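File shown: protein.pdb. Contents: PDB, C-alpha atoms.
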ATOM      1  CA  MET A   1      21.877  11.008  -1.219
ATOM      2  CA  LYS A   2      20.222   7.786  -2.397
ATOM      3  CA  ILE A   3      16.432   8.144  -2.410
ATOM      4  CA  ALA A   4      13.637   5.586  -2.329
ATOM      5  CA  PHE A   5       9.965   6.446  -2.787
ATOM      6  CA  LEU A   6       7.429   4.613  -0.620
ATOM      7  CA  PHE A   7       3.730   4.386  -1.472
ATOM      8  CA  PRO A   8       1.038   3.616   1.146
ATOM      9  CA  GLY A   9      -1.762   1.125   0.826
ATOM     10  CA  GLN A  10      -5.344   0.765   1.952
ATOM     11  CA  GLY A  11      -5.976   1.823   5.525
ATOM     12  CA  ALA A  12      -4.013   5.085   5.214
ATOM     13  CA  GLN A  13      -7.002   6.961   3.769
ATOM     14  CA  GLU A  14      -8.852   9.771   5.506
ATOM     15  CA  LYS A  15     -11.441  12.275   4.375
ATOM     16  CA  GLY A  16      -9.849  15.433   2.974
ATOM     17  CA  MET A  17      -6.474  13.824   2.282
ATOM     18  CA  GLY A  18      -4.462  15.860  -0.218
ATOM     19  CA  LYS A  19      -6.985  18.705  -0.446
ATOM     20  CA  ASP A  20      -4.497  21.509   0.273
ATOM     21  CA  ILE A  21      -2.083  20.082  -2.320
ATOM     22  CA  TYR A  22      -4.933  19.879  -4.850
ATOM     23  CA  GLU A  23      -5.885  23.500  -4.177
ATOM     24  CA  ASN A  24      -2.333  24.828  -4.500
ATOM     25  CA  PHE A  25      -0.904  22.937  -7.488
ATOM     26  CA  GLU A  26      -2.247  22.820 -11.014
ATOM     27  CA  GLU A  27      -0.266  19.609 -11.633
ATOM     28  CA  ALA A  28      -2.251  17.916  -8.870
ATOM     29  CA  ARG A  29      -5.600  19.165 -10.186
ATOM     30  CA  ASN A  30      -4.707  17.942 -13.663
ATOM     31  CA  MET A  31      -3.980  14.451 -12.341
ATOM     32  CA  TYR A  32      -7.301  14.276 -10.505
ATOM     33  CA  LYS A  33      -9.082  15.322 -13.697
ATOM     34  CA  TYR A  34      -7.121  12.739 -15.709
ATOM     35  CA  VAL A  35      -8.154   9.978 -13.298
ATOM     36  CA  GLN A  36     -11.770  11.176 -13.395
ATOM     37  CA  ASP A  37     -11.782  11.121 -17.200
ATOM     38  CA  ILE A  38     -10.516   7.520 -17.219
ATOM     39  CA  THR A  39     -12.560   6.089 -14.345
ATOM     40  CA  LYS A  40     -15.693   8.268 -14.567
ATOM     41  CA  MET A  41     -15.310   8.716 -10.800
ATOM     42  CA  ASP A  42     -15.127  12.186  -9.252
ATOM     43  CA  VAL A  43     -12.178  11.271  -7.056
ATOM     44  CA  ALA A  44     -11.656  14.848  -5.812
ATOM     45  CA  LYS A  45     -15.248  15.191  -4.612
ATOM     46  CA  MET A  46     -15.245  11.699  -3.114
ATOM     47  CA  THR A  47     -11.986  12.336  -1.241
ATOM     48  CA  PHE A  48     -12.550  15.913  -0.098
ATOM     49  CA  GLU A  49     -16.326  16.118   0.425
ATOM     50  CA  GLY A  50     -17.694  12.580   0.428
ATOM     51  CA  ASP A  51     -18.917  10.374   3.209
ATOM     52  CA  GLU A  52     -16.110   8.611   5.077
ATOM     53  CA  THR A  53     -17.990   5.315   4.972
ATOM     54  CA  GLU A  54     -18.010   5.504   1.178
ATOM     55  CA  LEU A  55     -14.335   6.464   1.068
ATOM     56  CA  ASN A  56     -13.497   3.404   3.173
ATOM     57  CA  LYS A  57     -15.086   1.027   0.658
ATOM     58  CA  THR A  58     -12.296  -0.810  -1.134
ATOM     59  CA  ASN A  59     -13.577   0.059  -4.621
ATOM     60  CA  ASN A  60     -13.262   3.762  -3.714
ATOM     61  CA  THR A  61     -10.308   3.709  -1.325
ATOM     62  CA  GLN A  62      -7.769   2.258  -3.718
ATOM     63  CA  ILE A  63      -8.326   4.680  -6.581
ATOM     64  CA  CYS A  64      -8.430   7.666  -4.189
ATOM     65  CA  ILE A  65      -5.102   6.777  -2.549
ATOM     66  CA  LEU A  66      -3.503   6.069  -5.937
ATOM     67  CA  THR A  67      -4.680   9.446  -7.288
ATOM     68  CA  MET A  68      -3.260  11.382  -4.351
ATOM     69  CA  SER A  69       0.126   9.684  -4.713
ATOM     70  CA  LEU A  70       0.186  10.245  -8.478
ATOM     71  CA  ALA A  71      -0.716  13.918  -7.998
ATOM     72  CA  ILE A  72       2.214  14.430  -5.610
ATOM     73  CA  LEU A  73       4.532  12.630  -8.031
ATOM     74  CA  GLU A  74       3.612  15.178 -10.716
ATOM     75  CA  ILE A  75       4.778  17.994  -8.435
ATOM     76  CA  LEU A  76       8.019  16.178  -7.626
ATOM     77  CA  LYS A  77       8.600  15.588 -11.341
ATOM     78  CA  LYS A  78       8.259  19.324 -11.969
ATOM     79  CA  HIS A  79      11.083  19.831  -9.435
ATOM     80  CA  ASN A  80      13.207  17.067 -10.998
ATOM     81  CA  ILE A  81      12.994  14.892  -7.880
ATOM     82  CA  GLU A  82      13.205  11.218  -8.781
ATOM     83  CA  ALA A  83      13.996   7.898  -7.162
ATOM     84  CA  ASN A  84      15.552   4.918  -8.903
ATOM     85  CA  ILE A  85      14.154   2.589  -6.244
ATOM     86  CA  SER A  86      10.591   2.435  -4.940
ATOM     87  CA  SER A  87       8.282   0.168  -3.026
ATOM     88  CA  GLY A  88       4.716   0.211  -1.787
ATOM     89  CA  LEU A  89       2.516  -1.608   0.676
ATOM     90  CA  SER A  90      -0.071  -3.776  -1.100
ATOM     91  CA  LEU A  91      -1.932  -1.232  -3.308
ATOM     92  CA  GLY A  92       1.207   0.926  -3.091
ATOM     93  CA  GLU A  93       3.125  -1.598  -5.183
ATOM     94  CA  TYR A  94       0.906  -0.648  -8.126
ATOM     95  CA  THR A  95       1.779   3.014  -7.585
ATOM     96  CA  ALA A  96       5.463   2.062  -7.587
ATOM     97  CA  LEU A  97       5.076   0.057 -10.814
ATOM     98  CA  ILE A  98       3.268   2.968 -12.496
ATOM     99  CA  TYR A  99       5.838   5.488 -11.258
ATOM    100  CA  SER A 100       8.711   3.328 -12.453
ATOM    101  CA  GLY A 101       7.179   2.825 -15.896
ATOM    102  CA  TYR A 102       6.568  -0.929 -15.741
ATOM    103  CA  ILE A 103       2.855  -0.206 -16.137
ATOM    104  CA  ASP A 104       1.541   2.670 -18.261
ATOM    105  CA  LEU A 105      -0.306   5.411 -16.384
ATOM    106  CA  LYS A 106      -3.688   4.921 -18.072
ATOM    107  CA  GLU A 107      -3.575   1.140 -17.854
ATOM    108  CA  GLY A 108      -2.396   1.338 -14.246
ATOM    109  CA  ILE A 109      -5.308   3.572 -13.242
ATOM    110  CA  GLU A 110      -7.782   1.258 -14.972
ATOM    111  CA  LEU A 111      -6.178  -1.771 -13.328
ATOM    112  CA  VAL A 112      -6.308  -0.305  -9.814
ATOM    113  CA  LYS A 113      -9.959   0.655 -10.322
ATOM    114  CA  LYS A 114     -10.731  -2.917 -11.344
ATOM    115  CA  ARG A 115      -8.652  -4.352  -8.490
ATOM    116  CA  GLY A 116     -10.575  -2.289  -5.950
ATOM    117  CA  GLU A 117     -13.898  -3.403  -7.413
ATOM    118  CA  LEU A 118     -12.900  -7.077  -7.360
ATOM    119  CA  MET A 119     -11.589  -6.891  -3.807
ATOM    120  CA  GLN A 120     -14.818  -5.150  -2.737
ATOM    121  CA  ASN A 121     -17.283  -7.365  -4.579
ATOM    122  CA  LEU A 122     -15.676 -10.812  -4.395
ATOM    123  CA  VAL A 123     -15.099 -10.970  -0.662
ATOM    124  CA  PRO A 124     -16.685 -14.210   0.572
ATOM    125  CA  ALA A 125     -19.771 -13.888   2.754
ATOM    126  CA  GLY A 126     -19.037 -13.439   6.443
ATOM    127  CA  LYS A 127     -17.606 -10.946   8.906
ATOM    128  CA  TRP A 128     -13.937 -10.229   8.272
ATOM    129  CA  SER A 129     -11.327  -8.245  10.130
ATOM    130  CA  MET A 130      -7.642  -7.351  10.207
ATOM    131  CA  ALA A 131      -5.483  -6.435  13.202
ATOM    132  CA  ALA A 132      -1.909  -5.306  13.805
ATOM    133  CA  ILE A 133      -0.008  -7.313  16.420
ATOM    134  CA  MET A 134       3.047  -5.551  17.871
ATOM    135  CA  GLY A 135       5.897  -6.877  19.960
ATOM    136  CA  LEU A 136       5.924 -10.578  19.128
ATOM    137  CA  GLU A 137       8.262 -12.660  16.971
ATOM    138  CA  ASN A 138       6.942 -13.702  13.554
ATOM    139  CA  ASN A 139       6.914 -17.380  14.448
ATOM    140  CA  LYS A 140       4.929 -16.686  17.629
ATOM    141  CA  VAL A 141       2.196 -14.847  15.706
ATOM    142  CA  GLU A 142       2.122 -17.654  13.144
ATOM    143  CA  GLU A 143       1.833 -20.172  15.984
ATOM    144  CA  ILE A 144      -1.055 -18.202  17.534
ATOM    145  CA  CYS A 145      -2.938 -18.053  14.222
ATOM    146  CA  ASN A 146      -2.513 -21.807  13.784
ATOM    147  CA  SER A 147      -3.878 -22.419  17.303
ATOM    148  CA  VAL A 148      -7.093 -20.393  16.895
ATOM    149  CA  LYS A 149     -10.198 -22.592  17.077
ATOM    150  CA  SER A 150     -12.996 -20.110  16.292
ATOM    151  CA  GLY A 151     -12.333 -19.690  12.557
ATOM    152  CA  PHE A 152      -9.852 -18.685   9.862
ATOM    153  CA  VAL A 153      -7.020 -16.262  10.634
ATOM    154  CA  THR A 154      -3.528 -15.955   9.190
ATOM    155  CA  PRO A 155      -0.636 -13.455   8.929
ATOM    156  CA  ALA A 156      -1.252 -11.068   6.027
ATOM    157  CA  ASN A 157       1.317  -8.262   6.346
ATOM    158  CA  TYR A 158       4.798  -8.576   7.799
ATOM    159  CA  ASN A 159       5.272  -4.813   8.224
ATOM    160  CA  TYR A 160       8.564  -4.586  10.090
ATOM    161  CA  VAL A 161      10.387  -6.607  12.699
ATOM    162  CA  GLY A 162       7.945  -6.663  15.593
ATOM    163  CA  GLN A 163       4.681  -5.916  13.772
ATOM    164  CA  ILE A 164       2.485  -8.325  11.848
ATOM    165  CA  VAL A 165      -1.029  -7.740  10.542
ATOM    166  CA  ILE A 166      -3.327 -10.733  10.781
ATOM    167  CA  SER A 167      -6.400 -11.222   8.628
ATOM    168  CA  GLY A 168      -9.432 -13.461   8.775
ATOM    169  CA  GLU A 169     -12.853 -14.057  10.270
ATOM    170  CA  GLU A 170     -13.820 -11.477  12.872
ATOM    171  CA  LYS A 171     -14.190 -13.913  15.787
ATOM    172  CA  ALA A 172     -10.943 -15.658  14.876
ATOM    173  CA  VAL A 173      -9.084 -12.340  14.736
ATOM    174  CA  GLU A 174     -10.506 -11.416  18.137
ATOM    175  CA  GLU A 175      -9.383 -14.766  19.565
ATOM    176  CA  ALA A 176      -5.911 -14.270  18.074
ATOM    177  CA  ILE A 177      -5.717 -10.802  19.660
ATOM    178  CA  GLU A 178      -6.515 -12.265  23.088
ATOM    179  CA  LYS A 179      -3.915 -15.004  22.630
ATOM    180  CA  ALA A 180      -1.350 -12.402  21.522
ATOM    181  CA  LYS A 181      -2.028 -10.351  24.650
ATOM    182  CA  GLU A 182      -1.599 -13.464  26.788
ATOM    183  CA  ALA A 183       1.707 -14.093  25.001
ATOM    184  CA  GLY A 184       2.910 -10.608  25.955
ATOM    185  CA  CYS A 185       2.378  -8.533  22.815
ATOM    186  CA  LYS A 186       2.876  -4.792  23.313
ATOM    187  CA  LYS A 187      -0.273  -3.786  21.467
ATOM    188  CA  ALA A 188      -3.016  -5.155  19.214
ATOM    189  CA  VAL A 189      -5.100  -2.811  17.026
ATOM    190  CA  GLN A 190      -7.967  -3.631  14.656
ATOM    191  CA  LEU A 191      -7.631  -1.867  11.285
ATOM    192  CA  LYS A 192      -9.891   0.147   8.948
ATOM    193  CA  THR A 193     -10.251  -2.674   6.431
ATOM    194  CA  SER A 194     -13.179  -4.935   5.709
ATOM    195  CA  GLY A 195     -11.894  -8.056   3.978
ATOM    196  CA  PRO A 196      -9.539 -11.020   4.373
ATOM    197  CA  PHE A 197      -6.920  -9.304   2.205
ATOM    198  CA  HIS A 198      -3.686 -11.106   1.334
ATOM    199  CA  THR A 199      -5.176 -14.477   2.218
ATOM    200  CA  ILE A 200      -6.413 -17.428   0.168
ATOM    201  CA  LYS A 201      -9.989 -16.290   0.871
ATOM    202  CA  LEU A 202      -9.627 -13.832  -2.028
ATOM    203  CA  LYS A 203      -8.813 -16.562  -4.536
ATOM    204  CA  GLU A 204     -11.771 -15.654  -6.768
ATOM    205  CA  ALA A 205     -10.684 -12.000  -6.863
ATOM    206  CA  SER A 206      -7.146 -13.144  -7.669
ATOM    207  CA  GLU A 207      -8.357 -15.255 -10.612
ATOM    208  CA  GLU A 208     -10.490 -12.417 -11.979
ATOM    209  CA  LEU A 209      -7.654  -9.915 -11.587
ATOM    210  CA  GLY A 210      -5.449 -12.321 -13.532
ATOM    211  CA  LYS A 211      -7.810 -11.942 -16.498
ATOM    212  CA  GLU A 212      -7.513  -8.142 -16.292
ATOM    213  CA  LEU A 213      -3.727  -8.331 -16.022
ATOM    214  CA  GLU A 214      -3.578 -10.273 -19.283
ATOM    215  CA  LYS A 215      -4.983  -7.191 -21.049
ATOM    216  CA  ILE A 216      -2.178  -4.818 -20.043
ATOM    217  CA  ASN A 217       1.362  -4.293 -21.284
ATOM    218  CA  ILE A 218       4.384  -4.707 -19.052
ATOM    219  CA  ASN A 219       7.287  -2.426 -20.004
ATOM    220  CA  ASN A 220      11.000  -2.568 -19.304
ATOM    221  CA  SER A 221      12.411  -0.012 -16.890
ATOM    222  CA  GLU A 222      15.764   0.996 -15.483
ATOM    223  CA  LYS A 223      14.100   1.911 -12.194
ATOM    224  CA  GLN A 224      13.784  -0.768  -9.542
ATOM    225  CA  VAL A 225      10.668  -1.777  -7.655
ATOM    226  CA  ILE A 226      10.887  -3.917  -4.534
ATOM    227  CA  LYS A 227       8.201  -6.617  -4.477
ATOM    228  CA  ASN A 228       5.830  -7.306  -1.584
ATOM    229  CA  ILE A 229       5.759 -11.011  -2.235
ATOM    230  CA  ASP A 230       9.405 -11.636  -1.275
ATOM    231  CA  GLY A 231      11.005  -8.256  -0.550
ATOM    232  CA  LYS A 232      13.317  -8.472  -3.582
ATOM    233  CA  PRO A 233      13.593  -6.245  -6.674
ATOM    234  CA  TYR A 234      11.673  -7.207  -9.795
ATOM    235  CA  THR A 235      13.964  -8.713 -12.431
ATOM    236  CA  GLU A 236      13.609  -9.344 -16.170
ATOM    237  CA  GLN A 237      12.926 -12.990 -15.345
ATOM    238  CA  ASP A 238       9.902 -12.169 -13.196
ATOM    239  CA  ASP A 239       6.394 -12.665 -14.546
ATOM    240  CA  ILE A 240       4.948  -9.415 -13.171
ATOM    241  CA  LYS A 241       1.389 -10.318 -14.163
ATOM    242  CA  GLU A 242       1.539 -13.635 -12.322
ATOM    243  CA  ILE A 243       3.126 -12.009  -9.280
ATOM    244  CA  LEU A 244       0.398  -9.335  -9.123
ATOM    245  CA  LYS A 245      -2.255 -12.032  -9.480
ATOM    246  CA  LYS A 246      -0.770 -13.869  -6.462
ATOM    247  CA  HIS A 247      -0.251 -10.564  -4.646
ATOM    248  CA  ILE A 248      -3.888 -10.434  -3.455
ATOM    249  CA  ILE A 249      -3.717 -13.867  -1.801
ATOM    250  CA  SER A 250      -0.100 -13.773  -0.553
ATOM    251  CA  PRO A 251       1.307 -12.140   2.589
ATOM    252  CA  VAL A 252       3.051  -8.782   2.203
ATOM    253  CA  HIS A 253       6.705  -8.930   3.282
ATOM    254  CA  PHE A 254       7.396  -5.223   3.712
ATOM    255  CA  ASP A 255       9.888  -6.060   6.460
ATOM    256  CA  LYS A 256      12.058  -7.803   3.867
ATOM    257  CA  ALA A 257      11.569  -4.913   1.414
ATOM    258  CA  ILE A 258      12.907  -2.482   4.043
ATOM    259  CA  ASP A 259      15.899  -4.722   4.668
ATOM    260  CA  THR A 260      16.592  -4.941   0.926
ATOM    261  CA  MET A 261      16.460  -1.168   0.449
ATOM    262  CA  LEU A 262      18.768  -0.548   3.406
ATOM    263  CA  LYS A 263      21.254  -3.082   1.990
ATOM    264  CA  MET A 264      21.046  -1.247  -1.361
ATOM    265  CA  GLY A 265      22.322   1.857   0.420
ATOM    266  CA  ILE A 266      19.129   3.924   0.597
ATOM    267  CA  ASP A 267      19.726   6.769   3.026
ATOM    268  CA  THR A 268      16.621   8.890   2.299
ATOM    269  CA  PHE A 269      13.081   7.486   2.239
ATOM    270  CA  ILE A 270      10.165   9.621   1.030
ATOM    271  CA  GLU A 271       6.643   8.348   1.688
ATOM    272  CA  ILE A 272       4.214   9.759  -0.888
ATOM    273  CA  GLY A 273       0.506   9.692  -0.086
ATOM    274  CA  PRO A 274      -1.827   9.726   2.914
ATOM    275  CA  GLY A 275      -0.637   8.990   6.429
ATOM    276  CA  LYS A 276       2.793   8.227   7.832
ATOM    277  CA  THR A 277       2.498   4.478   8.220
ATOM    278  CA  LEU A 278       5.471   3.446   6.094
ATOM    279  CA  SER A 279       7.588   6.267   7.525
ATOM    280  CA  GLY A 280       6.944   4.745  10.930
ATOM    281  CA  PHE A 281       8.019   1.302   9.723
ATOM    282  CA  ILE A 282      11.331   2.697   8.489
ATOM    283  CA  LYS A 283      11.993   4.688  11.668
ATOM    284  CA  ARG A 284      11.369   1.644  13.832
ATOM    285  CA  THR A 285      13.768  -0.391  11.692
ATOM    286  CA  ASN A 286      16.634   2.071  11.293
ATOM    287  CA  LYS A 287      17.072   5.361  13.141
ATOM    288  CA  GLU A 288      20.096   6.454  11.084
ATOM    289  CA  VAL A 289      18.409   7.081   7.728
ATOM    290  CA  LYS A 290      16.430  10.203   6.790
ATOM    291  CA  VAL A 291      12.681   9.639   6.569
ATOM    292  CA  LEU A 292      10.400  12.188   4.916
ATOM    293  CA  ASN A 293       6.738  12.020   4.047
ATOM    294  CA  ILE A 294       4.460  14.049   1.802
ATOM    295  CA  ASN A 295       0.802  13.936   2.811
ATOM    296  CA  ASN A 296      -0.157  17.629   2.878
ATOM    297  CA  LEU A 297       1.062  21.072   1.788
ATOM    298  CA  THR A 298       3.274  21.589   4.853
ATOM    299  CA  SER A 299       5.071  18.255   4.529
ATOM    300  CA  LEU A 300       5.483  18.820   0.787
ATOM    301  CA  GLU A 301       7.148  22.190   1.393
ATOM    302  CA  GLU A 302       9.342  20.715   4.126
ATOM    303  CA  THR A 303      10.482  17.918   1.831
ATOM    304  CA  LEU A 304      11.219  20.277  -1.060
ATOM    305  CA  ASN A 305      13.148  22.527   1.334
ATOM    306  CA  TYR A 306      15.167  19.581   2.698
ATOM    307  CA  LEU A 307      16.063  18.544  -0.825
ATOM    308  CA  LYS A 308      17.056  22.197  -1.458
ATOM    309  CA  ILE A 309      14.648  22.761  -4.308
TER
END

Take the structure in this file and express it as structure tokens.
Amino acid sequence: MKIAFLFPGQGAQEKGMGKDIYENFEEARNMYKYVQDITKMDVAKMTFEGDETELNKTNNTQICILTMSLAILEILKKHNIEANISSGLSLGEYTALIYSGYIDLKEGIELVKKRGELMQNLVPAGKWSMAAIMGLENNKVEEICNSVKSGFVTPANYNYVGQIVISGEEKAVEEAIEKAKEAGCKKAVQLKTSGPFHTIKLKEASEELGKELEKININNSEKQVIKNIDGKPYTEQDDIKEILKKHIISPVHFDKAIDTMLKMGIDTFIEIGPGKTLSGFIKRTNKEVKVLNINNLTSLEETLNYLKI
């Protein structure tokens, strides 16, 4: 069995996520308290009891998703379940880098808090939107975005073969959706996000994050993390700080990351955190591999049972 951990990004959040795991495992509660001590944010209360509108704000969403994933990782560590390869979608790449030891836990938590704040507060004025387009070739979606006349829109996430998320001005995204439907797309869905993420419109946030990245240490690790920016593993030659700075304004190539992990011989994927989004990406790409997810107490127990713990 060759395992890869997958970590979700923004958009997977929902009120109450991880509550039953928090209530049943001391390791999880300890992680939530650790994050609260560092960030001065009551992540447990915000996630389990707070207003969903507040949870969906980027400055809150990112730290809440990170905390849930880190809490589950503590339980897996107790059971000696590890993965030498991991990847995440957007925010999830930070979780993967923390898990793999490239970024220290405390510094990683502080960095994600700052990233969420920058992405919330430095969004340019205007109405922004993101939408998933399913059933069209990459080049067709790119062509549609280039043809839109009502404003800025561009591919932001290449999720898997057959699904691309576009990002941009609300009217431009709506126009792109209509053009995609005319071109025969299977489905087009607007997402629970509120900014032009992974586009050049977040250049100011990228520059400010670069200043924060300069303050942290990057460690060596034997574990591999697959990058969003090109779908390849980080190497010793990579400037991780520069890559993470560009990460905010560059498209996510999770489709290439999936392909890389399959070529590396991964036969068991475990998604750790809210939702089942990444699990779905894997299943649509390859029906032969085992896909597990841990987003509540039941799925945690099922995963532990499958791994014969």

Using the chain letters and numbering of this document, enumerate as a PDB file with C-alpha atoms, in the frame of the given file the residues selected by the PyMOL selection byres ((chain A and resi 167-184) around 9).
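The new file selection_15.pdb reads:
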ATOM      1  CA  GLY A 126     -19.037 -13.439   6.443  1.00  0.00           C
ATOM      2  CA  LYS A 127     -17.606 -10.946   8.906  1.00  0.00           C
ATOM      3  CA  TRP A 128     -13.937 -10.229   8.272  1.00  0.00           C
ATOM      4  CA  SER A 129     -11.327  -8.245  10.130  1.00  0.00           C
ATOM      5  CA  MET A 130      -7.642  -7.351  10.207  1.00  0.00           C
ATOM      6  CA  ALA A 131      -5.483  -6.435  13.202  1.00  0.00           C
ATOM      7  CA  ALA A 132      -1.909  -5.306  13.805  1.00  0.00           C
ATOM      8  CA  ILE A 133      -0.008  -7.313  16.420  1.00  0.00           C
ATOM      9  CA  MET A 134       3.047  -5.551  17.871  1.00  0.00           C
ATOM     10  CA  GLY A 135       5.897  -6.877  19.960  1.00  0.00           C
ATOM     11  CA  LEU A 136       5.924 -10.578  19.128  1.00  0.00           C
ATOM     12  CA  LYS A 140       4.929 -16.686  17.629  1.00  0.00           C
ATOM     13  CA  VAL A 141       2.196 -14.847  15.706  1.00  0.00           C
ATOM     14  CA  ILE A 144      -1.055 -18.202  17.534  1.00  0.00           C
ATOM     15  CA  CYS A 145      -2.938 -18.053  14.222  1.00  0.00           C
ATOM     16  CA  SER A 147      -3.878 -22.419  17.303  1.00  0.00           C
ATOM     17  CA  VAL A 148      -7.093 -20.393  16.895  1.00  0.00           C
ATOM     18  CA  LYS A 149     -10.198 -22.592  17.077  1.00  0.00           C
ATOM     19  CA  SER A 150     -12.996 -20.110  16.292  1.00  0.00           C
ATOM     20  CA  GLY A 151     -12.333 -19.690  12.557  1.00  0.00           C
ATOM     21  CA  PHE A 152      -9.852 -18.685   9.862  1.00  0.00           C
ATOM     22  CA  VAL A 153      -7.020 -16.262  10.634  1.00  0.00           C
ATOM     23  CA  THR A 154      -3.528 -15.955   9.190  1.00  0.00           C
ATOM     24  CA  PRO A 155      -0.636 -13.455   8.929  1.00  0.00           C
ATOM     25  CA  ALA A 156      -1.252 -11.068   6.027  1.00  0.00           C
ATOM     26  CA  ASN A 157       1.317  -8.262   6.346  1.00  0.00           C
ATOM     27  CA  VAL A 165      -1.029  -7.740  10.542  1.00  0.00           C
ATOM     28  CA  ILE A 166      -3.327 -10.733  10.781  1.00  0.00           C
ATOM     29  CA  CYS A 185       2.378  -8.533  22.815  1.00  0.00           C
ATOM     30  CA  LYS A 186       2.876  -4.792  23.313  1.00  0.00           C
ATOM     31  CA  LYS A 187      -0.273  -3.786  21.467  1.00  0.00           C
ATOM     32  CA  ALA A 188      -3.016  -5.155  19.214  1.00  0.00           C
ATOM     33  CA  VAL A 189      -5.100  -2.811  17.026  1.00  0.00           C
ATOM     34  CA  GLN A 190      -7.967  -3.631  14.656  1.00  0.00           C
ATOM     35  CA  GLY A 195     -11.894  -8.056   3.978  1.00  0.00           C
ATOM     36  CA  PRO A 196      -9.539 -11.020   4.373  1.00  0.00           C
ATOM     37  CA  PHE A 197      -6.920  -9.304   2.205  1.00  0.00           C
ATOM     38  CA  HIS A 198      -3.686 -11.106   1.334  1.00  0.00           C
ATOM     39  CA  THR A 199      -5.176 -14.477   2.218  1.00  0.00           C
ATOM     40  CA  LYS A 201      -9.989 -16.290   0.871  1.00  0.00           C
TER      41      LYS A 201
END

Nearest residue to A:Leu66 out of A:Leu244, A:Leu213, A:Val252, A:Leu105, using all atoms listed in the file? A:Leu105

Compare A:Leu278, A:Met264, A:Ile3, A:Ile75 by their minimum atom-to-atom distance to A:Glu26, counting all atoms listed in the file, and give me the closest one.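 Closest residue, counting all atoms listed in the file: A:Ile75.
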
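Atom CA of A:Lys290 is positioned 15.3 Å from atom CA of A:Ile85.
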
Distance criterion (all atoms listed in the file): nearest to A:Ile164 out of A:Ser279, A:Phe5, A:Gln36, A:Asp255: A:Asp255

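If you look at atom CA of A:Asn293 and atom CA of A:Ile272, they are 6.0 Å away from each other.
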
Find, counting only C-alpha atoms, the residue in A:Glu137, A:Glu208, A:Glu49, A:Glu54 that gets nearest to A:Met119.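 Closest to A:Met119 of all the choices is A:Glu208.
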
Report as a PyMOL selection string the residues that result from applying the PyMOL selection byres ((chain A and resi 303) around 12) to the structure here. chain A and resi 72+75-76+79+81+268-272+290-302+304-309

Store the residues of this selection in a file with C-alpha atoms, as a PDB file, in the frame of the given file.
ATOM      1  CA  ILE A  72       2.214  14.430  -5.610  1.00  0.00           C
ATOM      2  CA  ILE A  75       4.778  17.994  -8.435  1.00  0.00           C
ATOM      3  CA  LEU A  76       8.019  16.178  -7.626  1.00  0.00           C
ATOM      4  CA  HIS A  79      11.083  19.831  -9.435  1.00  0.00           C
ATOM      5  CA  ILE A  81      12.994  14.892  -7.880  1.00  0.00           C
ATOM      6  CA  THR A 268      16.621   8.890   2.299  1.00  0.00           C
ATOM      7  CA  PHE A 269      13.081   7.486   2.239  1.00  0.00           C
ATOM      8  CA  ILE A 270      10.165   9.621   1.030  1.00  0.00           C
ATOM      9  CA  GLU A 271       6.643   8.348   1.688  1.00  0.00           C
ATOM     10  CA  ILE A 272       4.214   9.759  -0.888  1.00  0.00           C
ATOM     11  CA  LYS A 290      16.430  10.203   6.790  1.00  0.00           C
ATOM     12  CA  VAL A 291      12.681   9.639   6.569  1.00  0.00           C
ATOM     13  CA  LEU A 292      10.400  12.188   4.916  1.00  0.00           C
ATOM     14  CA  ASN A 293       6.738  12.020   4.047  1.00  0.00           C
ATOM     15  CA  ILE A 294       4.460  14.049   1.802  1.00  0.00           C
ATOM     16  CA  ASN A 295       0.802  13.936   2.811  1.00  0.00           C
ATOM     17  CA  ASN A 296      -0.157  17.629   2.878  1.00  0.00           C
ATOM     18  CA  LEU A 297       1.062  21.072   1.788  1.00  0.00           C
ATOM     19  CA  THR A 298       3.274  21.589   4.853  1.00  0.00           C
ATOM     20  CA  SER A 299       5.071  18.255   4.529  1.00  0.00           C
ATOM     21  CA  LEU A 300       5.483  18.820   0.787  1.00  0.00           C
ATOM     22  CA  GLU A 301       7.148  22.190   1.393  1.00  0.00           C
ATOM     23  CA  GLU A 302       9.342  20.715   4.126  1.00  0.00           C
ATOM     24  CA  LEU A 304      11.219  20.277  -1.060  1.00  0.00           C
ATOM     25  CA  ASN A 305      13.148  22.527   1.334  1.00  0.00           C
ATOM     26  CA  TYR A 306      15.167  19.581   2.698  1.00  0.00           C
ATOM     27  CA  LEU A 307      16.063  18.544  -0.825  1.00  0.00           C
ATOM     28  CA  LYS A 308      17.056  22.197  -1.458  1.00  0.00           C
ATOM     29  CA  ILE A 309      14.648  22.761  -4.308  1.00  0.00           C
TER      30      ILE A 309
END

Box for stretch 95-107 of chain A - axis-aligned, 3 Å on each of the six sides, all listed atoms - centre and size in Å to one decimal, as JSON.
{"center_x": 2.5, "center_y": 2.3, "center_z": -12.9, "size_x": 18.4, "size_y": 12.4, "size_z": 16.7}

Please compute the atom CA of A:Ser86-atom CA of A:Ala71 distance, one decimal, in Å. 16.4 Å

Selection under test: the PyMOL selection byres ((chain A and resi 224) around 12); residues as JSON, numbers by chain: {"A": [3, 4, 5, 83, 84, 85, 86, 87, 88, 93, 96, 97, 98, 99, 100, 101, 102, 220, 221, 222, 223, 225, 226, 227, 232, 233, 234, 235, 236, 257, 260, 261, 264]}

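When all atoms listed in the file are used to measure the gap to A:Val35, the shortest distance among A:Lys283, A:Lys113, A:Lys276, A:Lys245 belongs to A:Lys113.
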
Name all residues at most 12 Å from A:Lys211 (count only C-alpha atoms; drop same-chain ones fewer than 2 positions away) and give them as a ChimeraX atom specification. /A:111,114-115,118,204-209,213-216,241-242,244-245
